[in-house]
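J.: Please see the structure below; I have some questions.
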Amino acid sequence: MRIDIEDLHVAYAGRTVVAGARLIAADGEITGLVGPNGSGKSTLLRTVYRHLTPHAGRVLLSGTDLRRLAPAQAARHVAALPQERGGDFELSVHEVVAMGRTPYKRAFAGEDATDREIVARALADVGMTHHTGRRFSELSGGERQRVLLARAFAQQPDVLVLDEPTNHLDIRHQVELLALLRAARRTTLVSLHDLNAAASVCDRLHVLHDGRVIASGPPRQVLRPDLLAEVFGVRATVVDHPLTGDPLIAFDHRRPAGGPVPEPGPRDHVPT
Amino acid sequence: MTDTLPAREDTRGREGDAPGPRTRSVPAGPLALALAAALLAALTVAVSRGSTAIPAGEVWGVVLRRLSGEAPRPGTDDLIVWQLRLPRALLAALVGAGLGLCGTAMQALVRNPLADPYFLGISNGASLGAVAAIVLGLGTGGALGLGLSGAAFAGALATFALVWTVARRREGFAPLRLVLAGVAIGQFLSGFTSYLVLQAGDEQQTRSVLFWLMGSLSGASWPLLAAPAVAVPGALLWLLARARGLNALTMGDETAAGLGVDASRLRRELFTLTSLLTGVLVAVSGAIAFVALMVPHACRLVVGGDHRRLLPLSALFGALLLVVVDIACRTAMDTQELPVGVVTSLIGAPALLYLLDRRPGSVR
């Protein structure tokens, strides 16, 4: 299944955050959403998993307007991994993953053998089988994200939507999580902060700037020095990754695009 | 796909076939049965203990004769058991269960495991209604009768409408805004209540007002049981039907939306239910402190946060707790009884502080 976003306008907290975005997440591909902070990535994704209502435009799931589906119906097709960290409510890992079965269950219905099997498989897929009984709130950041991914898998969705899933993870856990996404082979729409990660993992990228998609295509086509300078305000060159052959963006960390020439003298990092 | 994972995460492990929660040593089913049995025992003790002790066998004899429709045996036992102590014990159980449910619902509503339904200001509104009735002489006799309950419930409804209006935004009820609006309006109303208490004409009035404000079960009667007897089981069923939605809500609104749960609608409904149930409970017993906050919290530490288990256990534990506390209130002192809210505060606050330290990753 694929996602088509047509001329989407979303206002959030009284401000238009997404203004006429169009994009496609093609069937079975990993589609990345990149852009600076405030460019509307999260807002756009929230519309796809129906936390926000667009005030114009549509989100189509293989041609069907998602708004026409009942909430539970939509949740059987589209699973989300938002940036929320979850409250401190003593839920176990198993319970959090079993939550993924919510759109399939009627009121008062318990977990049946099928649910248990699906939950067990989802936990196995993310390598968290041995942690089922642990308290979700005591997991490390990386474990937590993998459990939330398992919850999304347990939803048996056609489309996965992930909002910066590698945020706050150390590099190893970032790599693990992205490897899981690649292995899942589903239609995936993911926003990513790390452009190099996006370049390696995504089949197609959309660059968001001020609520509009200003460039789309394969990472190598999209991530060009002039675009990086214009949208992200950084100086960078794109080379081939020596190990993987993926595009590798080498940033100039010493000064921004069009910024002042650095003062003379050795400086190893620019404080933010 | 497992080859992309580090070797330490062997995905098909020895325990892979039993993906059940393992950190909880107490299974919910047997625990619920034990609590139910304890509740029955506590109710029996509650009816047999008092200034005139009545043996447990005789208590059950009276109850069974009444329930089977036989004419009651003449004598004081029937009067004491059936007219005085049983309604009161049942009221304690119903109010306790209701407070347990109210707390559980409120904590999911504002996504805070230490929230109290009294944060919504409803209890302050109910108290103002009740105190106004006492002081202005609307409640006849000054006892916690039906007229007084009616005034309290009216106060609760008016406050609910007020908090709803103030807290509501186009996006729905944000948890923090709801609590701040509730607390502010609650404090505002208790200012009026304090003023009315000062205006109370005589000592007797002041005493009955204070008794009400502290939370008391001494007004129990069969007619008074009707409202909670409908509201509490109704609320339990309503909440259980939405238990999965409540679980999703505790993770956050976006998570809930992604799972097909309409978070703002569920929160609206929860706010309404919590307010109405609080109104009913405060109307029949005053604002009994700490039970609604502590009971769900304690249950969560034992059986975890899944509302399908948490709701029935909170109701049972709340009922048991309040029946036992009320026994203590009636029998601790020979000359007078203590308002039940005084005792729940005295044991609730230290218990809460103890639980805070027991929480893993606790609030330090």
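Following the order of the structure tokens, first chain is A, next is B, and so on, with residues numbered from 1 inside each chain and ligands from 1 in the order they appear.
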Env of Gly186 in chain B: 8 Å cut, atoms = only C-alpha atoms, seq-sep filter 3 positions within chain, self excluded. Answer as a PyMOL selection string.
T.: chain B and resi 119-125+182-183+189-190
J.: Write a file of the selected residues as a PDB file, in the first residue's frame, keeping C-alpha atoms.
T.:
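File written: again.pdb
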```pdb
ATOM      1  CA  PHE B 119      -8.236  18.090  41.650  1.00  0.00           C
ATOM      2  CA  LEU B 120     -11.227  18.681  39.374  1.00  0.00           C
ATOM      3  CA  GLY B 121     -12.846  20.891  42.006  1.00  0.00           C
ATOM      4  CA  ILE B 122     -16.044  18.831  41.924  1.00  0.00           C
ATOM      5  CA  SER B 123     -15.773  17.880  45.586  1.00  0.00           C
ATOM      6  CA  ASN B 124     -15.385  21.530  46.598  1.00  0.00           C
ATOM      7  CA  GLY B 125     -18.540  22.360  44.666  1.00  0.00           C
ATOM      8  CA  GLY B 182     -10.195  22.438  38.605  1.00  0.00           C
ATOM      9  CA  VAL B 183      -7.871  23.364  41.441  1.00  0.00           C
ATOM     10  CA  LEU B 189     -15.512  27.591  46.002  1.00  0.00           C
ATOM     11  CA  SER B 190     -13.958  26.470  49.266  1.00  0.00           C
TER      12      SER B 190
END
```
J.: To test your reading of the structure, identify every residue in range 7-253 of chain A that backbone DSSP assigns to alpha helix (DSSP H), and report it as a PDB file with N, CA and C atoms, in the first residue's frame.
T.:
```
ATOM      1  N   LYS A  41       7.751  18.646   9.687  1.00  0.00           N
ATOM      2  CA  LYS A  41       7.838  17.179   9.565  1.00  0.00           C
ATOM      3  C   LYS A  41       6.865  16.478  10.508  1.00  0.00           C
ATOM      4  N   SER A  42       6.970  16.819  11.796  1.00  0.00           N
ATOM      5  CA  SER A  42       6.131  16.138  12.782  1.00  0.00           C
ATOM      6  C   SER A  42       4.652  16.404  12.530  1.00  0.00           C
ATOM      7  N   THR A  43       4.340  17.650  12.198  1.00  0.00           N
ATOM      8  CA  THR A  43       2.942  18.001  11.948  1.00  0.00           C
ATOM      9  C   THR A  43       2.377  17.195  10.782  1.00  0.00           C
ATOM     10  N   LEU A  44       3.186  17.071   9.733  1.00  0.00           N
ATOM     11  CA  LEU A  44       2.724  16.300   8.584  1.00  0.00           C
ATOM     12  C   LEU A  44       2.489  14.839   8.973  1.00  0.00           C
ATOM     13  N   LEU A  45       3.432  14.264   9.723  1.00  0.00           N
ATOM     14  CA  LEU A  45       3.281  12.861  10.118  1.00  0.00           C
ATOM     15  C   LEU A  45       2.072  12.680  11.026  1.00  0.00           C
ATOM     16  N   ARG A  46       1.858  13.655  11.927  1.00  0.00           N
ATOM     17  CA  ARG A  46       0.705  13.557  12.831  1.00  0.00           C
ATOM     18  C   ARG A  46      -0.604  13.532  12.059  1.00  0.00           C
ATOM     19  N   THR A  47      -0.613  14.168  10.910  1.00  0.00           N
ATOM     20  CA  THR A  47      -1.813  14.119  10.092  1.00  0.00           C
ATOM     21  C   THR A  47      -2.000  12.725   9.493  1.00  0.00           C
ATOM     22  N   VAL A  48      -0.876  12.090   9.162  1.00  0.00           N
ATOM     23  CA  VAL A  48      -0.972  10.754   8.564  1.00  0.00           C
ATOM     24  C   VAL A  48      -1.497   9.747   9.587  1.00  0.00           C
ATOM     25  N   PRO A  71     -11.680   5.336  12.996  1.00  0.00           N
ATOM     26  CA  PRO A  71     -10.344   5.381  13.607  1.00  0.00           C
ATOM     27  C   PRO A  71      -9.685   4.006  13.726  1.00  0.00           C
ATOM     28  N   ALA A  72     -10.424   3.022  14.218  1.00  0.00           N
ATOM     29  CA  ALA A  72      -9.821   1.705  14.398  1.00  0.00           C
ATOM     30  C   ALA A  72      -9.462   1.079  13.052  1.00  0.00           C
ATOM     31  N   GLN A  73     -10.326   1.326  12.069  1.00  0.00           N
ATOM     32  CA  GLN A  73     -10.080   0.808  10.718  1.00  0.00           C
ATOM     33  C   GLN A  73      -8.769   1.373  10.166  1.00  0.00           C
ATOM     34  N   ALA A  74      -8.617   2.681  10.319  1.00  0.00           N
ATOM     35  CA  ALA A  74      -7.397   3.322   9.824  1.00  0.00           C
ATOM     36  C   ALA A  74      -6.175   2.783  10.547  1.00  0.00           C
ATOM     37  N   ALA A  75      -6.323   2.533  11.864  1.00  0.00           N
ATOM     38  CA  ALA A  75      -5.183   2.084  12.656  1.00  0.00           C
ATOM     39  C   ALA A  75      -4.759   0.658  12.286  1.00  0.00           C
ATOM     40  N   ARG A  76      -5.625  -0.077  11.587  1.00  0.00           N
ATOM     41  CA  ARG A  76      -5.198  -1.398  11.111  1.00  0.00           C
ATOM     42  C   ARG A  76      -4.299  -1.283   9.898  1.00  0.00           C
ATOM     43  N   HIS A  77      -4.336  -0.135   9.239  1.00  0.00           N
ATOM     44  CA  HIS A  77      -3.504   0.059   8.050  1.00  0.00           C
ATOM     45  C   HIS A  77      -2.258   0.874   8.337  1.00  0.00           C
ATOM     46  N   VAL A  93       6.617  -4.520  29.229  1.00  0.00           N
ATOM     47  CA  VAL A  93       6.953  -4.552  27.807  1.00  0.00           C
ATOM     48  C   VAL A  93       5.866  -5.299  27.035  1.00  0.00           C
ATOM     49  N   HIS A  94       5.458  -6.417  27.590  1.00  0.00           N
ATOM     50  CA  HIS A  94       4.418  -7.205  26.916  1.00  0.00           C
ATOM     51  C   HIS A  94       3.137  -6.385  26.745  1.00  0.00           C
ATOM     52  N   GLU A  95       2.754  -5.673  27.796  1.00  0.00           N
ATOM     53  CA  GLU A  95       1.517  -4.890  27.729  1.00  0.00           C
ATOM     54  C   GLU A  95       1.608  -3.776  26.697  1.00  0.00           C
ATOM     55  N   VAL A  96       2.784  -3.165  26.605  1.00  0.00           N
ATOM     56  CA  VAL A  96       2.943  -2.084  25.629  1.00  0.00           C
ATOM     57  C   VAL A  96       2.837  -2.637  24.211  1.00  0.00           C
ATOM     58  N   VAL A  97       3.457  -3.783  23.964  1.00  0.00           N
ATOM     59  CA  VAL A  97       3.384  -4.354  22.618  1.00  0.00           C
ATOM     60  C   VAL A  97       1.955  -4.836  22.329  1.00  0.00           C
ATOM     61  N   ALA A  98       1.311  -5.419  23.342  1.00  0.00           N
ATOM     62  CA  ALA A  98      -0.060  -5.913  23.153  1.00  0.00           C
ATOM     63  C   ALA A  98      -1.033  -4.775  22.837  1.00  0.00           C
ATOM     64  N   ALA A 113      -5.223 -16.488  21.407  1.00  0.00           N
ATOM     65  CA  ALA A 113      -3.962 -17.126  21.009  1.00  0.00           C
ATOM     66  C   ALA A 113      -3.317 -16.380  19.840  1.00  0.00           C
ATOM     67  N   THR A 114      -4.148 -15.906  18.915  1.00  0.00           N
ATOM     68  CA  THR A 114      -3.609 -15.173  17.763  1.00  0.00           C
ATOM     69  C   THR A 114      -2.887 -13.917  18.222  1.00  0.00           C
ATOM     70  N   ASP A 115      -3.536 -13.152  19.110  1.00  0.00           N
ATOM     71  CA  ASP A 115      -2.902 -11.934  19.616  1.00  0.00           C
ATOM     72  C   ASP A 115      -1.563 -12.254  20.263  1.00  0.00           C
ATOM     73  N   ARG A 116      -1.573 -13.302  21.095  1.00  0.00           N
ATOM     74  CA  ARG A 116      -0.328 -13.635  21.808  1.00  0.00           C
ATOM     75  C   ARG A 116       0.775 -14.007  20.832  1.00  0.00           C
ATOM     76  N   GLU A 117       0.397 -14.733  19.775  1.00  0.00           N
ATOM     77  CA  GLU A 117       1.390 -15.134  18.793  1.00  0.00           C
ATOM     78  C   GLU A 117       1.942 -13.906  18.057  1.00  0.00           C
ATOM     79  N   ILE A 118       1.045 -13.007  17.691  1.00  0.00           N
ATOM     80  CA  ILE A 118       1.474 -11.796  16.968  1.00  0.00           C
ATOM     81  C   ILE A 118       2.398 -10.952  17.844  1.00  0.00           C
ATOM     82  N   VAL A 119       2.032 -10.828  19.111  1.00  0.00           N
ATOM     83  CA  VAL A 119       2.856 -10.039  20.039  1.00  0.00           C
ATOM     84  C   VAL A 119       4.220 -10.699  20.208  1.00  0.00           C
ATOM     85  N   ALA A 120       4.228 -12.035  20.362  1.00  0.00           N
ATOM     86  CA  ALA A 120       5.500 -12.744  20.544  1.00  0.00           C
ATOM     87  C   ALA A 120       6.383 -12.571  19.304  1.00  0.00           C
ATOM     88  N   ARG A 121       5.772 -12.634  18.125  1.00  0.00           N
ATOM     89  CA  ARG A 121       6.561 -12.494  16.901  1.00  0.00           C
ATOM     90  C   ARG A 121       7.107 -11.075  16.780  1.00  0.00           C
ATOM     91  N   ALA A 122       6.281 -10.087  17.127  1.00  0.00           N
ATOM     92  CA  ALA A 122       6.741  -8.696  17.050  1.00  0.00           C
ATOM     93  C   ALA A 122       7.924  -8.478  17.989  1.00  0.00           C
ATOM     94  N   LEU A 123       7.824  -9.055  19.194  1.00  0.00           N
ATOM     95  CA  LEU A 123       8.929  -8.915  20.146  1.00  0.00           C
ATOM     96  C   LEU A 123      10.177  -9.603  19.618  1.00  0.00           C
ATOM     97  N   ALA A 124       9.996 -10.769  19.000  1.00  0.00           N
ATOM     98  CA  ALA A 124      11.139 -11.486  18.439  1.00  0.00           C
ATOM     99  C   ALA A 124      11.761 -10.677  17.304  1.00  0.00           C
ATOM    100  N   ASP A 125      10.923 -10.051  16.478  1.00  0.00           N
ATOM    101  CA  ASP A 125      11.432  -9.287  15.340  1.00  0.00           C
ATOM    102  C   ASP A 125      12.346  -8.143  15.763  1.00  0.00           C
ATOM    103  N   GLY A 141      16.791   3.946  26.355  1.00  0.00           N
ATOM    104  CA  GLY A 141      16.176   4.608  25.207  1.00  0.00           C
ATOM    105  C   GLY A 141      16.086   3.700  23.989  1.00  0.00           C
ATOM    106  N   GLY A 142      17.158   2.965  23.716  1.00  0.00           N
ATOM    107  CA  GLY A 142      17.184   2.096  22.552  1.00  0.00           C
ATOM    108  C   GLY A 142      16.187   0.951  22.678  1.00  0.00           C
ATOM    109  N   GLU A 143      16.129   0.368  23.871  1.00  0.00           N
ATOM    110  CA  GLU A 143      15.181  -0.726  24.103  1.00  0.00           C
ATOM    111  C   GLU A 143      13.751  -0.242  23.972  1.00  0.00           C
ATOM    112  N   ARG A 144      13.534   0.945  24.500  1.00  0.00           N
ATOM    113  CA  ARG A 144      12.211   1.533  24.464  1.00  0.00           C
ATOM    114  C   ARG A 144      11.717   1.705  23.021  1.00  0.00           C
ATOM    115  N   GLN A 145      12.603   2.256  22.176  1.00  0.00           N
ATOM    116  CA  GLN A 145      12.214   2.459  20.789  1.00  0.00           C
ATOM    117  C   GLN A 145      11.947   1.134  20.092  1.00  0.00           C
ATOM    118  N   ARG A 146      12.730   0.116  20.419  1.00  0.00           N
ATOM    119  CA  ARG A 146      12.496  -1.175  19.782  1.00  0.00           C
ATOM    120  C   ARG A 146      11.158  -1.769  20.230  1.00  0.00           C
ATOM    121  N   VAL A 147      10.819  -1.561  21.510  1.00  0.00           N
ATOM    122  CA  VAL A 147       9.529  -2.062  21.988  1.00  0.00           C
ATOM    123  C   VAL A 147       8.383  -1.322  21.301  1.00  0.00           C
ATOM    124  N   LEU A 148       8.541  -0.010  21.143  1.00  0.00           N
ATOM    125  CA  LEU A 148       7.495   0.750  20.460  1.00  0.00           C
ATOM    126  C   LEU A 148       7.382   0.328  18.995  1.00  0.00           C
ATOM    127  N   LEU A 149       8.512  -0.033  18.397  1.00  0.00           N
ATOM    128  CA  LEU A 149       8.470  -0.536  17.023  1.00  0.00           C
ATOM    129  C   LEU A 149       7.729  -1.875  16.993  1.00  0.00           C
ATOM    130  N   ALA A 150       7.984  -2.705  18.015  1.00  0.00           N
ATOM    131  CA  ALA A 150       7.273  -3.985  18.094  1.00  0.00           C
ATOM    132  C   ALA A 150       5.770  -3.752  18.240  1.00  0.00           C
ATOM    133  N   ARG A 151       5.398  -2.724  19.010  1.00  0.00           N
ATOM    134  CA  ARG A 151       3.974  -2.407  19.133  1.00  0.00           C
ATOM    135  C   ARG A 151       3.393  -2.050  17.766  1.00  0.00           C
ATOM    136  N   ALA A 152       4.153  -1.265  17.003  1.00  0.00           N
ATOM    137  CA  ALA A 152       3.685  -0.924  15.658  1.00  0.00           C
ATOM    138  C   ALA A 152       3.584  -2.186  14.787  1.00  0.00           C
ATOM    139  N   PHE A 153       4.548  -3.093  14.900  1.00  0.00           N
ATOM    140  CA  PHE A 153       4.480  -4.346  14.139  1.00  0.00           C
ATOM    141  C   PHE A 153       3.235  -5.146  14.539  1.00  0.00           C
ATOM    142  N   ALA A 154       2.938  -5.167  15.848  1.00  0.00           N
ATOM    143  CA  ALA A 154       1.790  -5.944  16.336  1.00  0.00           C
ATOM    144  C   ALA A 154       0.479  -5.399  15.784  1.00  0.00           C
ATOM    145  N   ILE A 171      24.702   6.018  18.927  1.00  0.00           N
ATOM    146  CA  ILE A 171      24.859   5.675  17.517  1.00  0.00           C
ATOM    147  C   ILE A 171      24.564   4.200  17.250  1.00  0.00           C
ATOM    148  N   ARG A 172      24.970   3.329  18.167  1.00  0.00           N
ATOM    149  CA  ARG A 172      24.739   1.916  17.953  1.00  0.00           C
ATOM    150  C   ARG A 172      23.245   1.603  17.878  1.00  0.00           C
ATOM    151  N   HIS A 173      22.490   2.215  18.811  1.00  0.00           N
ATOM    152  CA  HIS A 173      21.050   1.952  18.816  1.00  0.00           C
ATOM    153  C   HIS A 173      20.358   2.596  17.625  1.00  0.00           C
ATOM    154  N   GLN A 174      20.910   3.716  17.158  1.00  0.00           N
ATOM    155  CA  GLN A 174      20.367   4.310  15.926  1.00  0.00           C
ATOM    156  C   GLN A 174      20.506   3.314  14.772  1.00  0.00           C
ATOM    157  N   VAL A 175      21.712   2.748  14.660  1.00  0.00           N
ATOM    158  CA  VAL A 175      21.974   1.823  13.556  1.00  0.00           C
ATOM    159  C   VAL A 175      21.073   0.587  13.676  1.00  0.00           C
ATOM    160  N   GLU A 176      20.924   0.083  14.905  1.00  0.00           N
ATOM    161  CA  GLU A 176      20.073  -1.097  15.118  1.00  0.00           C
ATOM    162  C   GLU A 176      18.638  -0.826  14.685  1.00  0.00           C
ATOM    163  N   LEU A 177      18.126   0.320  15.104  1.00  0.00           N
ATOM    164  CA  LEU A 177      16.729   0.626  14.813  1.00  0.00           C
ATOM    165  C   LEU A 177      16.504   0.785  13.305  1.00  0.00           C
ATOM    166  N   LEU A 178      17.428   1.470  12.651  1.00  0.00           N
ATOM    167  CA  LEU A 178      17.269   1.679  11.213  1.00  0.00           C
ATOM    168  C   LEU A 178      17.409   0.350  10.461  1.00  0.00           C
ATOM    169  N   ALA A 179      18.278  -0.541  10.977  1.00  0.00           N
ATOM    170  CA  ALA A 179      18.403  -1.864  10.355  1.00  0.00           C
ATOM    171  C   ALA A 179      17.085  -2.629  10.465  1.00  0.00           C
ATOM    172  N   LEU A 180      16.424  -2.475  11.620  1.00  0.00           N
ATOM    173  CA  LEU A 180      15.122  -3.129  11.798  1.00  0.00           C
ATOM    174  C   LEU A 180      14.111  -2.599  10.787  1.00  0.00           C
ATOM    175  N   LEU A 181      14.153  -1.287  10.565  1.00  0.00           N
ATOM    176  CA  LEU A 181      13.217  -0.697   9.602  1.00  0.00           C
ATOM    177  C   LEU A 181      13.457  -1.256   8.201  1.00  0.00           C
ATOM    178  N   ARG A 182      14.739  -1.357   7.828  1.00  0.00           N
ATOM    179  CA  ARG A 182      15.052  -1.894   6.499  1.00  0.00           C
ATOM    180  C   ARG A 182      14.584  -3.332   6.395  1.00  0.00           C
ATOM    181  N   ALA A 183      14.809  -4.088   7.491  1.00  0.00           N
ATOM    182  CA  ALA A 183      14.454  -5.504   7.456  1.00  0.00           C
ATOM    183  C   ALA A 183      12.942  -5.703   7.386  1.00  0.00           C
ATOM    184  N   ALA A 184      12.182  -4.734   7.882  1.00  0.00           N
ATOM    185  CA  ALA A 184      10.730  -4.921   7.948  1.00  0.00           C
ATOM    186  C   ALA A 184      10.078  -4.904   6.563  1.00  0.00           C
ATOM    187  N   LEU A 195      20.921  13.460   8.376  1.00  0.00           N
ATOM    188  CA  LEU A 195      20.833  13.359   6.916  1.00  0.00           C
ATOM    189  C   LEU A 195      21.615  12.166   6.381  1.00  0.00           C
ATOM    190  N   ASN A 196      22.716  11.816   7.033  1.00  0.00           N
ATOM    191  CA  ASN A 196      23.474  10.656   6.573  1.00  0.00           C
ATOM    192  C   ASN A 196      22.698   9.366   6.797  1.00  0.00           C
ATOM    193  N   ALA A 197      22.009   9.300   7.925  1.00  0.00           N
ATOM    194  CA  ALA A 197      21.166   8.132   8.159  1.00  0.00           C
ATOM    195  C   ALA A 197      20.072   8.069   7.100  1.00  0.00           C
ATOM    196  N   ALA A 198      19.468   9.208   6.818  1.00  0.00           N
ATOM    197  CA  ALA A 198      18.409   9.247   5.815  1.00  0.00           C
ATOM    198  C   ALA A 198      18.947   8.822   4.453  1.00  0.00           C
ATOM    199  N   ALA A 199      20.154   9.270   4.143  1.00  0.00           N
ATOM    200  CA  ALA A 199      20.739   8.944   2.837  1.00  0.00           C
ATOM    201  C   ALA A 199      21.005   7.446   2.708  1.00  0.00           C
ATOM    202  N   SER A 200      21.348   6.787   3.822  1.00  0.00           N
ATOM    203  CA  SER A 200      21.650   5.361   3.766  1.00  0.00           C
ATOM    204  C   SER A 200      20.405   4.497   3.763  1.00  0.00           C
ATOM    205  N   VAL A 201      19.399   4.909   4.528  1.00  0.00           N
ATOM    206  CA  VAL A 201      18.282   4.028   4.821  1.00  0.00           C
ATOM    207  C   VAL A 201      17.118   4.221   3.861  1.00  0.00           C
ATOM    208  N   PRO A 219      17.936   9.778  -2.529  1.00  0.00           N
ATOM    209  CA  PRO A 219      18.817  10.609  -1.698  1.00  0.00           C
ATOM    210  C   PRO A 219      19.920  11.285  -2.493  1.00  0.00           C
ATOM    211  N   ARG A 220      20.571  10.567  -3.417  1.00  0.00           N
ATOM    212  CA  ARG A 220      21.699  11.127  -4.127  1.00  0.00           C
ATOM    213  C   ARG A 220      21.284  12.338  -4.973  1.00  0.00           C
ATOM    214  N   GLN A 221      20.053  12.257  -5.494  1.00  0.00           N
ATOM    215  CA  GLN A 221      19.558  13.372  -6.313  1.00  0.00           C
ATOM    216  C   GLN A 221      19.214  14.599  -5.470  1.00  0.00           C
ATOM    217  N   VAL A 222      18.677  14.295  -4.284  1.00  0.00           N
ATOM    218  CA  VAL A 222      18.111  15.372  -3.469  1.00  0.00           C
ATOM    219  C   VAL A 222      19.171  16.098  -2.657  1.00  0.00           C
ATOM    220  N   PRO A 225      24.823  19.935  -2.453  1.00  0.00           N
ATOM    221  CA  PRO A 225      25.374  21.036  -1.649  1.00  0.00           C
ATOM    222  C   PRO A 225      24.536  22.304  -1.710  1.00  0.00           C
ATOM    223  N   ASP A 226      24.010  22.661  -2.895  1.00  0.00           N
ATOM    224  CA  ASP A 226      23.257  23.919  -2.966  1.00  0.00           C
ATOM    225  C   ASP A 226      21.966  23.831  -2.152  1.00  0.00           C
ATOM    226  N   LEU A 227      21.298  22.639  -2.169  1.00  0.00           N
ATOM    227  CA  LEU A 227      20.084  22.487  -1.365  1.00  0.00           C
ATOM    228  C   LEU A 227      20.415  22.502   0.133  1.00  0.00           C
TER     229      LEU A 227
END
```
J.: With only C-alpha atoms as the atoms that count, which of A:Arg58, A:Arg68, A:Arg106, A:His241 lies nearest to chain B?
T.: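 Smallest separation from chain B among the options: A:Arg106.
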J.: Find the distance between CA of Asp326 in chain B and CA of Pro30 in chain B and write it in Å to one decimal.
T.: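 According to the coordinates, CA of Asp326 in chain B and CA of Pro30 in chain B are separated by 25.6 Å.
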J.: Would you return as an MDAnalysis selection string the members of range 7-103 of chain A that DSSP assigns to strand (DSSP E or B) on this structure's backbone?
T.: chainID A and resid 7:12 15:25 30:34 56:61 64:65 78:81 92
J.: Between B:Leu310, B:Cys329, B:Cys102, B:Leu320, which residue has the minimum interatomic distance to chain A, considering only C-alpha atoms?
T.: B:Leu310
J.: Need to verify the contact set: range 344-347 of chain B, 12 Å, only C-alpha atoms, exclusion of same-chain residues closer than 5 positions in sequence. Can you return it as JSON, numbers by chain?
T.: {"B": [96, 214, 215, 216, 287, 288, 289, 290, 291, 292, 293, 294, 295, 318, 321, 322, 323, 324, 325, 326, 328, 329, 338, 339, 352, 353, 354]}
J.: Save out the residues we just selected, N, CA and C atoms, as a short mmCIF file (atom, residue, chain, number, x, y, z; two decimals), in the first residue's frame.
T.:
```cif
data_model
loop_
_atom_site.label_atom_id
_atom_site.label_comp_id
_atom_site.auth_asym_id
_atom_site.auth_seq_id
_atom_site.Cartn_x
_atom_site.Cartn_y
_atom_site.Cartn_z
N GLY B 96 -15.97 3.33 48.72
CA GLY B 96 -14.57 2.94 48.55
C GLY B 96 -14.30 2.47 47.13
N MET B 214 -15.21 16.70 56.38
CA MET B 214 -14.12 15.75 56.57
C MET B 214 -14.43 14.40 55.94
N GLY B 215 -15.64 14.20 55.54
CA GLY B 215 -16.01 12.93 54.94
C GLY B 215 -16.49 11.96 56.00
N SER B 216 -17.73 11.54 55.90
CA SER B 216 -18.29 10.68 56.92
C SER B 216 -19.33 9.75 56.32
N ALA B 287 -16.24 14.57 51.21
CA ALA B 287 -15.00 14.35 50.46
C ALA B 287 -14.02 13.56 51.30
N ILE B 288 -14.00 12.24 51.09
CA ILE B 288 -13.08 11.38 51.84
C ILE B 288 -11.72 11.41 51.17
N ALA B 289 -10.72 11.83 51.93
CA ALA B 289 -9.42 12.14 51.33
C ALA B 289 -8.59 10.89 51.07
N PHE B 290 -7.71 10.98 50.11
CA PHE B 290 -6.59 10.08 49.87
C PHE B 290 -6.94 8.72 49.27
N VAL B 291 -8.19 8.25 49.44
CA VAL B 291 -8.50 6.90 48.96
C VAL B 291 -8.35 6.84 47.44
N ALA B 292 -8.92 7.83 46.75
CA ALA B 292 -8.91 7.81 45.29
C ALA B 292 -7.50 7.97 44.74
N LEU B 293 -6.66 8.66 45.47
CA LEU B 293 -5.29 8.85 45.01
C LEU B 293 -4.46 7.60 45.24
N MET B 294 -4.64 7.03 46.45
CA MET B 294 -3.72 5.99 46.89
C MET B 294 -4.06 4.61 46.36
N VAL B 295 -5.36 4.30 46.30
CA VAL B 295 -5.76 2.94 45.95
C VAL B 295 -5.27 2.53 44.55
N GLY B 318 -10.38 -0.55 47.08
CA GLY B 318 -10.98 0.65 47.65
C GLY B 318 -12.13 0.30 48.59
N LEU B 321 -10.70 -1.28 51.79
CA LEU B 321 -10.03 -0.28 52.62
C LEU B 321 -11.03 0.56 53.39
N LEU B 322 -12.07 1.02 52.69
CA LEU B 322 -12.98 1.94 53.36
C LEU B 322 -13.85 1.22 54.39
N VAL B 323 -14.22 -0.05 54.12
CA VAL B 323 -14.98 -0.81 55.12
C VAL B 323 -14.15 -0.99 56.39
N VAL B 324 -12.88 -1.34 56.21
CA VAL B 324 -12.01 -1.56 57.37
C VAL B 324 -11.79 -0.25 58.13
N VAL B 325 -11.54 0.82 57.39
CA VAL B 325 -11.31 2.11 58.05
C VAL B 325 -12.56 2.55 58.82
N ASP B 326 -13.73 2.28 58.23
CA ASP B 326 -14.95 2.70 58.92
C ASP B 326 -15.19 1.89 60.19
N ALA B 328 -12.82 0.91 62.12
CA ALA B 328 -11.94 1.59 63.07
C ALA B 328 -12.57 2.89 63.56
N CYS B 329 -13.18 3.64 62.64
CA CYS B 329 -13.77 4.92 63.01
C CYS B 329 -14.89 4.75 64.02
N LEU B 338 -15.22 8.75 64.84
CA LEU B 338 -14.37 9.65 64.06
C LEU B 338 -14.93 9.74 62.64
N PRO B 339 -14.85 10.93 62.03
CA PRO B 339 -15.19 10.99 60.60
C PRO B 339 -14.17 10.15 59.81
N LEU B 352 1.24 7.06 51.34
CA LEU B 352 1.64 7.61 50.04
C LEU B 352 3.14 7.88 50.01
N LEU B 353 3.63 8.47 51.11
CA LEU B 353 5.07 8.77 51.17
C LEU B 353 5.88 7.49 51.10
N TYR B 354 5.38 6.44 51.73
CA TYR B 354 6.06 5.15 51.67
C TYR B 354 6.08 4.62 50.24
#
```
J.: Would you compute the distance between CA of Ala38 in chain B and CA of Leu99 in chain B? Give it in Å to one decimal.
T.: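 We find that CA of Ala38 in chain B and CA of Leu99 in chain B lie 18.3 Å from each other.
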